[in-house]
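Undergrad: The file below is structure.cif, mmCIF, C-alpha atoms and all ligand atoms:
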data_query
#
loop_
_atom_site.label_atom_id
_atom_site.label_comp_id
_atom_site.auth_asym_id
_atom_site.auth_seq_id
_atom_site.Cartn_x
_atom_site.Cartn_y
_atom_site.Cartn_z
CA MET J 1 28.18 0.58 -15.44
CA LYS J 2 27.67 -1.34 -12.18
CA ILE J 3 24.05 -0.81 -11.21
CA TYR J 4 22.36 -2.11 -8.08
CA VAL J 5 18.69 -1.83 -7.19
CA TYR J 6 17.47 -1.43 -3.62
CA GLY J 7 14.20 -3.28 -3.04
CA THR J 8 12.59 -6.54 -4.07
CA GLY J 9 8.99 -5.37 -4.02
CA CYS J 10 6.61 -3.79 -6.52
CA GLY J 11 8.85 -0.76 -7.14
CA ALA J 12 11.80 -2.94 -8.12
CA GLY J 13 9.53 -5.23 -10.13
CA ASP J 14 8.10 -2.29 -12.09
CA LEU J 15 11.56 -0.86 -12.68
CA ALA J 16 12.74 -4.18 -14.13
CA ASP J 17 9.62 -4.52 -16.29
CA GLU J 18 9.67 -0.99 -17.63
CA ALA J 19 13.17 0.43 -17.76
CA LEU J 20 15.99 -1.76 -16.52
CA PRO J 21 16.00 -5.46 -17.43
CA PRO J 22 17.40 -7.73 -14.67
CA GLU J 23 20.44 -8.59 -16.86
CA ARG J 24 21.64 -5.01 -16.39
CA ILE J 25 21.35 -5.22 -12.60
CA GLU J 26 24.39 -6.56 -10.70
CA ALA J 27 22.25 -7.49 -7.73
CA PHE J 28 19.22 -6.41 -5.76
CA VAL J 29 19.84 -4.99 -2.31
CA GLU J 30 17.86 -5.27 0.90
CA ARG J 31 18.63 -4.42 4.50
CA GLU J 32 19.30 -8.13 5.04
CA GLY J 33 20.53 -9.94 1.94
CA GLY J 34 19.89 -13.52 0.87
CA GLY J 35 18.02 -15.38 -1.84
CA SER J 36 17.26 -14.04 -5.29
CA PHE J 37 14.79 -11.80 -7.08
CA LEU J 38 14.14 -12.06 -10.83
CA ASP J 39 17.04 -14.52 -10.95
CA ARG J 40 19.52 -11.96 -9.62
CA PRO J 41 21.18 -12.30 -6.19
CA VAL J 42 19.92 -10.23 -3.26
CA ILE J 43 22.74 -8.78 -1.16
CA SER J 44 22.67 -6.65 1.99
CA LEU J 45 23.33 -2.93 2.00
CA ARG J 46 26.37 -3.60 4.16
CA GLN J 47 27.78 -5.93 1.47
CA LEU J 48 27.19 -3.26 -1.15
CA ALA J 49 29.00 -0.68 0.96
CA GLY J 50 32.15 -2.77 0.68
CA GLN J 51 32.03 -2.81 -3.12
CA ASP J 52 32.74 -0.48 -5.96
CA PHE J 53 29.57 0.54 -7.81
CA ASP J 54 28.27 3.33 -10.03
CA LEU J 55 24.61 3.62 -9.14
CA LEU J 56 22.20 2.40 -6.48
CA ILE J 57 18.63 2.86 -7.65
CA VAL J 58 16.37 2.94 -4.62
CA ALA J 59 13.08 1.44 -5.76
CA SER J 60 11.64 1.09 -2.28
CA ARG J 61 8.84 3.12 -0.73
CA GLU J 62 11.05 3.54 2.31
CA ALA J 63 13.16 6.17 0.57
CA GLU J 64 13.82 8.18 3.68
CA ARG J 65 14.92 5.21 5.81
CA VAL J 66 17.06 3.76 3.02
CA GLU J 67 18.74 7.11 2.51
CA GLN J 68 19.60 7.28 6.20
CA ASP J 69 20.98 3.73 6.15
CA CYS J 70 23.08 4.50 3.06
CA LEU J 71 24.53 7.66 4.56
CA GLN J 72 25.30 5.87 7.81
CA LEU J 73 27.27 3.26 5.88
CA GLY J 74 29.19 6.00 4.08
CA LEU J 75 27.70 5.48 0.61
CA ASP J 76 28.22 8.40 -1.75
CA PRO J 77 24.89 10.35 -1.95
CA GLU J 78 25.75 11.20 -5.56
CA LYS J 79 25.41 7.52 -6.44
CA LEU J 80 21.85 7.23 -5.12
CA LEU J 81 18.84 7.57 -7.38
CA PHE J 82 15.39 7.47 -5.77
CA VAL J 83 12.55 6.33 -8.00
CA LYS J 84 9.82 5.91 -5.38
CA ASN J 85 8.60 8.49 -2.86
CA HIS J 86 11.28 10.86 -4.06
CA MET J 87 8.96 13.86 -3.86
CA ARG J 88 7.16 13.18 -0.60
CA LEU J 89 5.93 15.85 1.75
CA VAL J 90 7.89 15.62 4.95
CA ASP J 91 7.82 17.42 8.26
CA ARG J 92 11.05 19.33 8.55
CA ASN J 93 11.15 18.49 12.25
CA ARG J 94 12.48 14.99 12.62
CA SER J 95 11.69 14.91 16.32
CA TYR J 96 9.64 16.93 18.76
CA ASP J 97 11.43 15.64 21.86
CA THR J 98 13.33 18.85 22.57
CA ALA J 99 10.26 20.94 21.78
CA ARG J 100 8.25 18.89 24.27
CA ALA J 101 10.86 19.38 26.96
CA VAL J 102 11.16 23.14 26.36
CA LEU J 103 7.66 24.16 25.33
CA GLY J 104 5.50 21.51 26.97
CA ASP J 105 3.34 18.73 25.55
CA ALA J 106 0.20 20.83 25.16
CA TYR J 107 1.93 23.41 22.99
CA VAL J 108 3.59 20.72 20.87
CA GLU J 109 0.29 18.88 20.35
CA ARG J 110 -1.25 22.15 19.10
CA LEU J 111 1.77 22.75 16.90
CA ILE J 112 1.52 19.31 15.34
CA GLY J 113 -2.25 19.59 14.98
CA SER J 114 -1.98 22.92 13.21
CA GLU J 115 0.13 21.38 10.46
CA ARG J 116 -2.19 18.48 9.74
CA LEU J 117 -1.19 18.54 6.11
CA ILE J 118 2.26 17.20 6.75
CA ARG J 119 1.76 14.78 9.60
CA ALA J 120 0.66 11.17 9.63
CA PRO J 121 -2.99 10.58 10.59
CA LEU J 122 -3.72 12.23 13.90
CA TRP J 123 -5.80 9.39 15.18
CA THR J 124 -2.92 7.02 15.06
CA GLU J 125 -0.81 5.92 17.95
CA LYS J 126 2.30 6.00 15.84
CA GLU J 127 4.37 3.62 17.88
CA ARG J 128 1.84 0.86 17.35
CA ILE J 129 2.11 1.12 13.60
CA ALA J 130 5.72 2.06 13.01
CA GLY J 131 7.49 0.08 10.34
CA PRO J 132 8.01 -0.22 6.61
CA GLY J 133 5.16 0.71 4.31
CA SER J 134 3.17 2.56 6.94
CA ASP J 135 3.19 6.03 5.46
CA ASN J 136 4.00 5.79 1.79
CA ASP J 137 1.07 7.81 0.45
CA TYR J 138 0.19 10.78 2.56
CA VAL J 139 -2.98 11.89 0.70
CA ARG J 140 -4.34 8.35 0.62
CA LEU J 141 -3.84 7.92 4.37
CA LYS J 142 -5.21 11.32 5.34
CA SER J 143 -8.24 10.74 3.13
CA LEU J 144 -8.80 7.37 4.77
CA GLU J 145 -8.65 9.05 8.15
CA ALA J 146 -11.19 11.70 7.09
CA LEU J 147 -13.54 9.06 5.64
CA CYS J 148 -13.33 6.96 8.80
CA ARG J 149 -14.32 10.01 10.86
CA ARG J 150 -17.50 10.31 8.77
CA LEU J 151 -18.50 6.73 9.52
CA GLU J 152 -19.85 7.32 12.99
CA GLY J 153 -23.34 5.84 13.10
CA VAL J 154 -22.88 3.98 9.81
CA PRO J 155 -23.26 0.26 10.50
CA GLY J 156 -21.19 -2.47 8.89
CA ALA J 157 -17.78 -4.06 8.68
CA ALA J 158 -14.62 -2.88 6.94
CA ALA J 159 -13.01 -4.87 4.15
CA GLU J 160 -10.17 -4.85 1.70
CA LEU J 161 -9.88 -6.76 -1.56
CA GLY J 162 -6.19 -6.84 -2.47
CA VAL J 163 -4.22 -6.79 0.77
CA TYR J 164 -0.71 -7.79 -0.33
CA ARG J 165 1.47 -7.27 2.77
CA GLY J 166 -1.17 -5.40 4.77
CA GLY J 167 0.37 -1.94 4.28
CA PHE J 168 -3.03 -0.24 3.94
CA ALA J 169 -5.10 -2.79 5.83
CA ARG J 170 -3.27 -2.01 9.05
CA TRP J 171 -4.32 1.63 8.84
CA ILE J 172 -7.95 0.63 8.30
CA ASN J 173 -7.64 -1.69 11.29
CA LEU J 174 -6.08 1.07 13.39
CA LEU J 175 -8.62 3.73 12.42
CA LEU J 176 -11.64 1.42 12.85
CA PRO J 177 -10.67 -0.74 15.84
CA GLU J 178 -14.28 -1.53 16.73
CA ARG J 179 -15.14 -3.00 13.32
CA LYS J 180 -14.60 -6.41 11.86
CA LEU J 181 -12.11 -6.25 9.00
CA PHE J 182 -12.49 -8.78 6.17
CA LEU J 183 -9.27 -9.22 4.22
CA PHE J 184 -9.56 -10.85 0.81
CA ASP J 185 -6.40 -11.90 -1.00
CA SER J 186 -4.86 -15.05 -2.40
CA PHE J 187 -1.84 -14.10 -0.26
CA GLU J 188 0.10 -15.69 -3.13
CA GLY J 189 -0.27 -12.97 -5.77
CA PHE J 190 -2.54 -12.59 -8.77
CA ASP J 191 -4.57 -15.20 -10.56
CA ALA J 192 -2.20 -16.62 -13.21
CA ALA J 193 -4.69 -16.27 -16.09
CA GLU J 194 -5.75 -12.75 -15.19
CA SER J 195 -2.18 -11.50 -14.84
CA SER J 196 -0.80 -13.31 -17.90
CA GLY J 197 -0.29 -10.04 -19.80
CA CYS J 198 1.50 -8.30 -16.89
CA GLY J 199 5.25 -7.86 -16.42
CA ALA J 200 7.20 -10.62 -14.66
CA GLY J 201 8.49 -8.20 -12.04
CA PHE J 202 4.98 -6.97 -11.17
CA VAL J 203 3.72 -10.54 -10.86
CA GLN J 204 6.65 -11.88 -8.84
CA ALA J 205 6.73 -8.93 -6.45
CA HIS J 206 3.11 -9.52 -5.46
CA ARG J 207 3.81 -13.17 -4.57
CA ASN J 208 5.98 -11.99 -1.73
CA THR J 209 3.43 -12.14 1.06
CA ALA J 210 1.67 -14.53 3.41
CA ALA J 211 -1.46 -14.53 5.56
CA GLU J 212 0.63 -14.82 8.76
CA LEU J 213 2.71 -11.82 7.75
CA VAL J 214 -0.42 -9.71 7.30
CA GLN J 215 -1.88 -10.89 10.60
CA GLY J 216 1.38 -9.84 12.24
CA VAL J 217 1.25 -6.19 11.07
CA LEU J 218 -2.30 -5.49 12.23
CA PRO J 219 -2.63 -3.47 15.43
CA TYR J 220 -5.95 -5.21 16.28
CA PRO J 221 -5.53 -8.65 14.69
CA GLU J 222 -8.45 -10.02 16.69
CA GLN J 223 -10.79 -7.98 14.46
CA ALA J 224 -9.43 -9.40 11.22
CA LEU J 225 -11.10 -12.16 9.24
CA LEU J 226 -8.71 -13.33 6.55
CA ARG J 227 -10.28 -14.88 3.48
CA PRO J 228 -7.39 -16.48 1.58
CA GLY J 229 -7.99 -17.61 -1.99
CA LEU J 230 -9.25 -16.21 -5.23
CA PHE J 231 -11.96 -13.58 -5.00
CA PRO J 232 -14.97 -13.76 -5.49
CA HIS J 233 -15.00 -17.47 -4.46
CA THR J 234 -13.89 -16.39 -1.00
CA THR J 235 -17.09 -14.41 -0.38
CA GLN J 236 -19.11 -17.58 0.16
CA GLY J 237 -21.23 -17.31 3.30
CA LEU J 238 -20.91 -13.51 3.45
CA GLU J 239 -23.93 -12.74 1.27
CA GLY J 240 -25.80 -11.17 4.20
CA GLU J 241 -22.86 -9.04 5.42
CA ARG J 242 -23.04 -5.21 5.38
CA PHE J 243 -20.04 -2.92 4.91
CA ALA J 244 -19.24 0.65 5.95
CA LEU J 245 -15.80 0.98 4.39
CA VAL J 246 -14.19 -1.06 1.63
CA SER J 247 -10.79 -0.67 0.01
CA LEU J 248 -10.76 -2.16 -3.50
CA ASP J 249 -7.17 -2.64 -4.57
CA ALA J 250 -7.01 -5.69 -6.84
CA ASP J 251 -5.15 -3.87 -9.67
CA LEU J 252 -6.71 -5.92 -12.50
CA GLU J 253 -9.99 -5.57 -14.37
CA GLU J 254 -11.95 -8.75 -13.73
CA SER J 255 -11.13 -8.91 -10.02
CA THR J 256 -11.98 -5.23 -9.58
CA LEU J 257 -15.28 -5.73 -11.35
CA ALA J 258 -16.01 -8.75 -9.15
CA GLY J 259 -15.24 -6.56 -6.12
CA LEU J 260 -17.62 -3.82 -7.27
CA ARG J 261 -20.35 -6.35 -7.96
CA PHE J 262 -19.99 -7.93 -4.53
CA PHE J 263 -19.46 -4.89 -2.30
CA VAL J 264 -21.47 -2.01 -3.79
CA PRO J 265 -24.90 -3.60 -3.18
CA ARG J 266 -23.81 -4.48 0.37
CA MET J 267 -22.69 -1.00 1.42
CA SER J 268 -24.55 0.74 4.25
CA LYS J 269 -25.93 4.18 3.47
CA GLY J 270 -23.17 6.65 4.27
CA GLY J 271 -20.41 4.11 3.61
CA TYR J 272 -17.49 4.45 1.21
CA VAL J 273 -15.65 2.32 -1.30
CA LEU J 274 -12.07 3.45 -1.94
CA LEU J 275 -11.17 2.40 -5.46
CA HIS J 276 -7.38 2.45 -5.61
CA ASP J 277 -5.59 3.01 -8.97
CA TYR J 278 -8.71 4.37 -10.68
CA ASP J 279 -6.61 7.01 -12.42
CA ASN J 280 -3.39 5.03 -12.61
CA PRO J 281 -2.26 4.84 -16.25
CA LYS J 282 -0.26 1.70 -15.42
CA LEU J 283 -3.40 -0.19 -14.40
CA PRO J 284 -6.09 0.80 -16.93
CA GLY J 285 -8.21 -2.24 -16.06
CA VAL J 286 -9.42 -0.55 -12.86
CA LYS J 287 -11.10 2.30 -14.76
CA ARG J 288 -12.50 -0.15 -17.30
CA ALA J 289 -13.98 -2.23 -14.47
CA LEU J 290 -15.82 0.78 -13.06
CA GLU J 291 -17.05 1.76 -16.53
CA ARG J 292 -18.43 -1.74 -17.02
CA PHE J 293 -20.02 -1.71 -13.57
CA GLU J 294 -21.64 1.70 -14.15
CA ALA J 295 -22.93 0.52 -17.52
CA GLU J 296 -24.67 -2.32 -15.66
CA GLN J 297 -25.84 -0.48 -12.56
CA GLY J 298 -25.88 3.23 -13.36
CA ARG J 299 -23.55 6.03 -12.44
CA LEU J 300 -22.24 6.16 -8.86
CA ALA J 301 -21.55 9.30 -6.82
CA SER J 302 -17.77 9.62 -6.59
CA VAL J 303 -14.92 11.95 -5.64
CA PRO J 304 -11.42 11.60 -7.14
CA LEU J 305 -8.41 11.91 -4.84
CA CYS J 306 -5.05 13.46 -5.70
CA ASP J 307 -3.14 10.60 -4.07
CA VAL J 308 -0.19 8.84 -5.67
CA ASN J 309 -2.17 6.34 -7.74
CA GLY J 310 -5.36 8.28 -8.40
CA SER J 311 -7.92 6.70 -6.06
CA LEU J 312 -11.64 7.31 -6.47
CA VAL J 313 -13.96 7.44 -3.47
CA LEU J 314 -17.37 5.96 -4.23
CA ALA J 315 -20.05 7.31 -1.91
CA VAL J 316 -22.79 4.73 -2.03
C1 LIG J 401 -1.60 -3.82 -5.14
S1 LIG J 401 -1.76 -5.24 -4.18
C2 LIG J 401 -2.65 -4.63 -2.79
C3 LIG J 401 -1.89 -3.59 -2.00
C4 LIG J 401 -2.48 -3.20 -0.67
N1 LIG J 401 -3.88 -2.85 -0.76
C5 LIG J 401 -1.71 -2.04 -0.09
O1 LIG J 401 -2.15 -0.89 -0.26
O2 LIG J 401 -0.64 -2.26 0.51
C6 LIG J 401 -2.92 -6.18 -5.06
C7 LIG J 401 -3.28 -7.48 -4.39
O3 LIG J 401 -4.48 -7.96 -4.98
C8 LIG J 401 -4.50 -9.37 -4.87
N2 LIG J 401 -5.53 -9.88 -5.79
C9 LIG J 401 -5.82 -9.41 -7.01
N3 LIG J 401 -6.83 -10.09 -7.55
C10 LIG J 401 -7.22 -11.01 -6.63
C11 LIG J 401 -8.24 -12.01 -6.59
N4 LIG J 401 -9.08 -12.21 -7.59
N5 LIG J 401 -8.34 -12.76 -5.48
C12 LIG J 401 -7.49 -12.58 -4.43
N6 LIG J 401 -6.52 -11.66 -4.41
C13 LIG J 401 -6.38 -10.87 -5.50
C14 LIG J 401 -3.07 -9.75 -5.19
O4 LIG J 401 -2.75 -11.00 -4.63
C15 LIG J 401 -2.28 -8.60 -4.55
O5 LIG J 401 -1.81 -8.96 -3.27
#
If you convert what's in this file into C-alpha cells, what do you get?

TA:
Amino acid sequence: MKIYVYGTGCGAGDLADEALPPERIEAFVEREGGGSFLDRPVISLRQLAGQDFDLLIVASREAERVEQDCLQLGLDPEKLLFVKNHMRLVDRNRSYDTARAVLGDAYVERLIGSERLIRAPLWTEKERIAGPGSDNDYVRLKSLEALCRRLEGVPGAAAELGVYRGGFARWINLLLPERKLFLFDSFEGFDAAESSGCGAGFVQAHRNTAAELVQGVLPYPEQALLRPGLFPHTTQGLEGERFALVSLDADLEESTLAGLRFFVPRMSKGGYVLLHDYDNPKLPGVKRALERFEAEQGRLASVPLCDVNGSLVLAV
C-alpha cells in the first residue's frame, strides 16, 4: 500500500512514533516540498497529485485548509484520512460577505456574536492573525479569551513557557496587547536528557522552530521579550517580575515543575496559570509535576477545561 503523510510537525511525528513507522511511509507531504523528515523525503502536494497512491494521512492541524487544497488538485476524497482536527466545530457559513451586503453589518455582527460557541475569539481582528495554527483548539482559545477579559485591573506581564512556533503565544499577544509577553523556549526543542524517553518523531518535530519565526507571527512583536535557552536558567534577572497570565506548555515533568515553581509565587492576585496537557494521557509528566508541586506548596484552586489536551486553569 502506498501511504503518504501530510505534515512534518507534531501530528506527523506522533503518528510515526505510535502507529506508522517511517519505513511504511513513501514520503511526507507539505504545501511546498523539499528536504526530509524522519529520513523520508518531503514532497509537495502538487507532486503527490501527479502520482498513484492509496492513502494520504493528513496529520496536520490545518485539516480544513489541506482538504480544500487536496480537492482543488483533484485528489480523491476517499483516499484522505484525517487524524488531527477531524472532529472540529465549524461555522457552516464559510463567508458572511453576501450576508453583510444584503442584511447589513450591524445585523451580521449580532448574528456572529449570538453564536459565540462556534466562532473564533470575538476580540480578535482576524485578518491580523490569519495563518496556520491559529485556531486549532476552539475551547482552549475561547477559554483564553474569557480569562483575559477577567484580567482587567490585575497587574503583571503575560508569559509562556513552551512556545514552539508561537501558535498560542500570538493569541496571548493579540488578546493582551498592552502587556509585556515573556516567551521562554529553547527554540530548538526539548532538553536532550529530559526527552530521552520520548519518541523520535515527537522530539524532531519540536526542533522545527526558531526565535525569528516566533517573532514574525506575533501581532504586537514589540511587546515580546524572548528568552531563548533552557528554562529555568533563562529566568535570571526576572526574580522581581509579576505575572497576570501564564501559559505553561513544556510537555515534560521536570520543566513543568520548574515552571510552576517559578511562576506560581510570582502571580498577581486574580491572575491565571493555564497548565496545558494536564489531562493528556500522552504526557503524564504534566500531571505528575503538579502533584509534586502541590505536595510541596499545598493544593491550588483550579478548574479543568474540556479542550483538546485537557488543560487546567490554576487560579492563584
Ligand atoms: C508543545 S510545545 C509548545 C506549544 C505551544 N505552546 C503552542 O501551543 O503552540 C513545547 C515546547 O516546550 C519547549 N520546552 C520544553 N521544556 C523546555 C525547557 N526546559 N526550556 C525551554 N524550552 C522548553 C520545547 O522546546 C517546545 O517548543

Undergrad: Let me have all residues with an atom within 9 Å of ligand LIG 401 (chain J), counting all atoms listed in the file, laid out as a PyMOL selection string.

TA: chain J and resi 10+133-134+160-170+184-191+194-195+203+206-209+227-234+247-256+258-259+276-277

Undergrad: Could you check how far atom CA of Arg140 of chain J sits from atom CA of Lys84 of chain J, in Å to one decimal?

TA: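 Here the two named atoms are 15.6 Å from each other.
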
Undergrad: If you measure from atom CA of Phe28 of chain J to atom CA of Leu56 of chain J, what distance in Å do you get, rounded to one decimal?

TA: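 A separation of 9.3 Å between them.
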
Undergrad: Compare J:Gln215, J:Leu300, J:Ala200, J:Ala159 by their minimum atom-to-atom distance to Phe243 of chain J, counting only C-alpha atoms, and give me the closest one.

TA: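 Comparing J:Gln215, J:Leu300, J:Ala200, J:Ala159 against Phe243 of chain J, the winner is J:Ala159.
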
Undergrad: Considering only C-alpha atoms, return as a list in words whatever protein or nucleic-acid residues lie within 10 Å of Val264 of chain J, sequence-local ones (same chain, fewer than 5 positions apart) excluded.

TA: Arg242, Phe243, Val246, Gly259, Gly271, Tyr272, Val273, Phe293, Gln297, Leu300, Leu314, Ala315 and Val316 of chain J
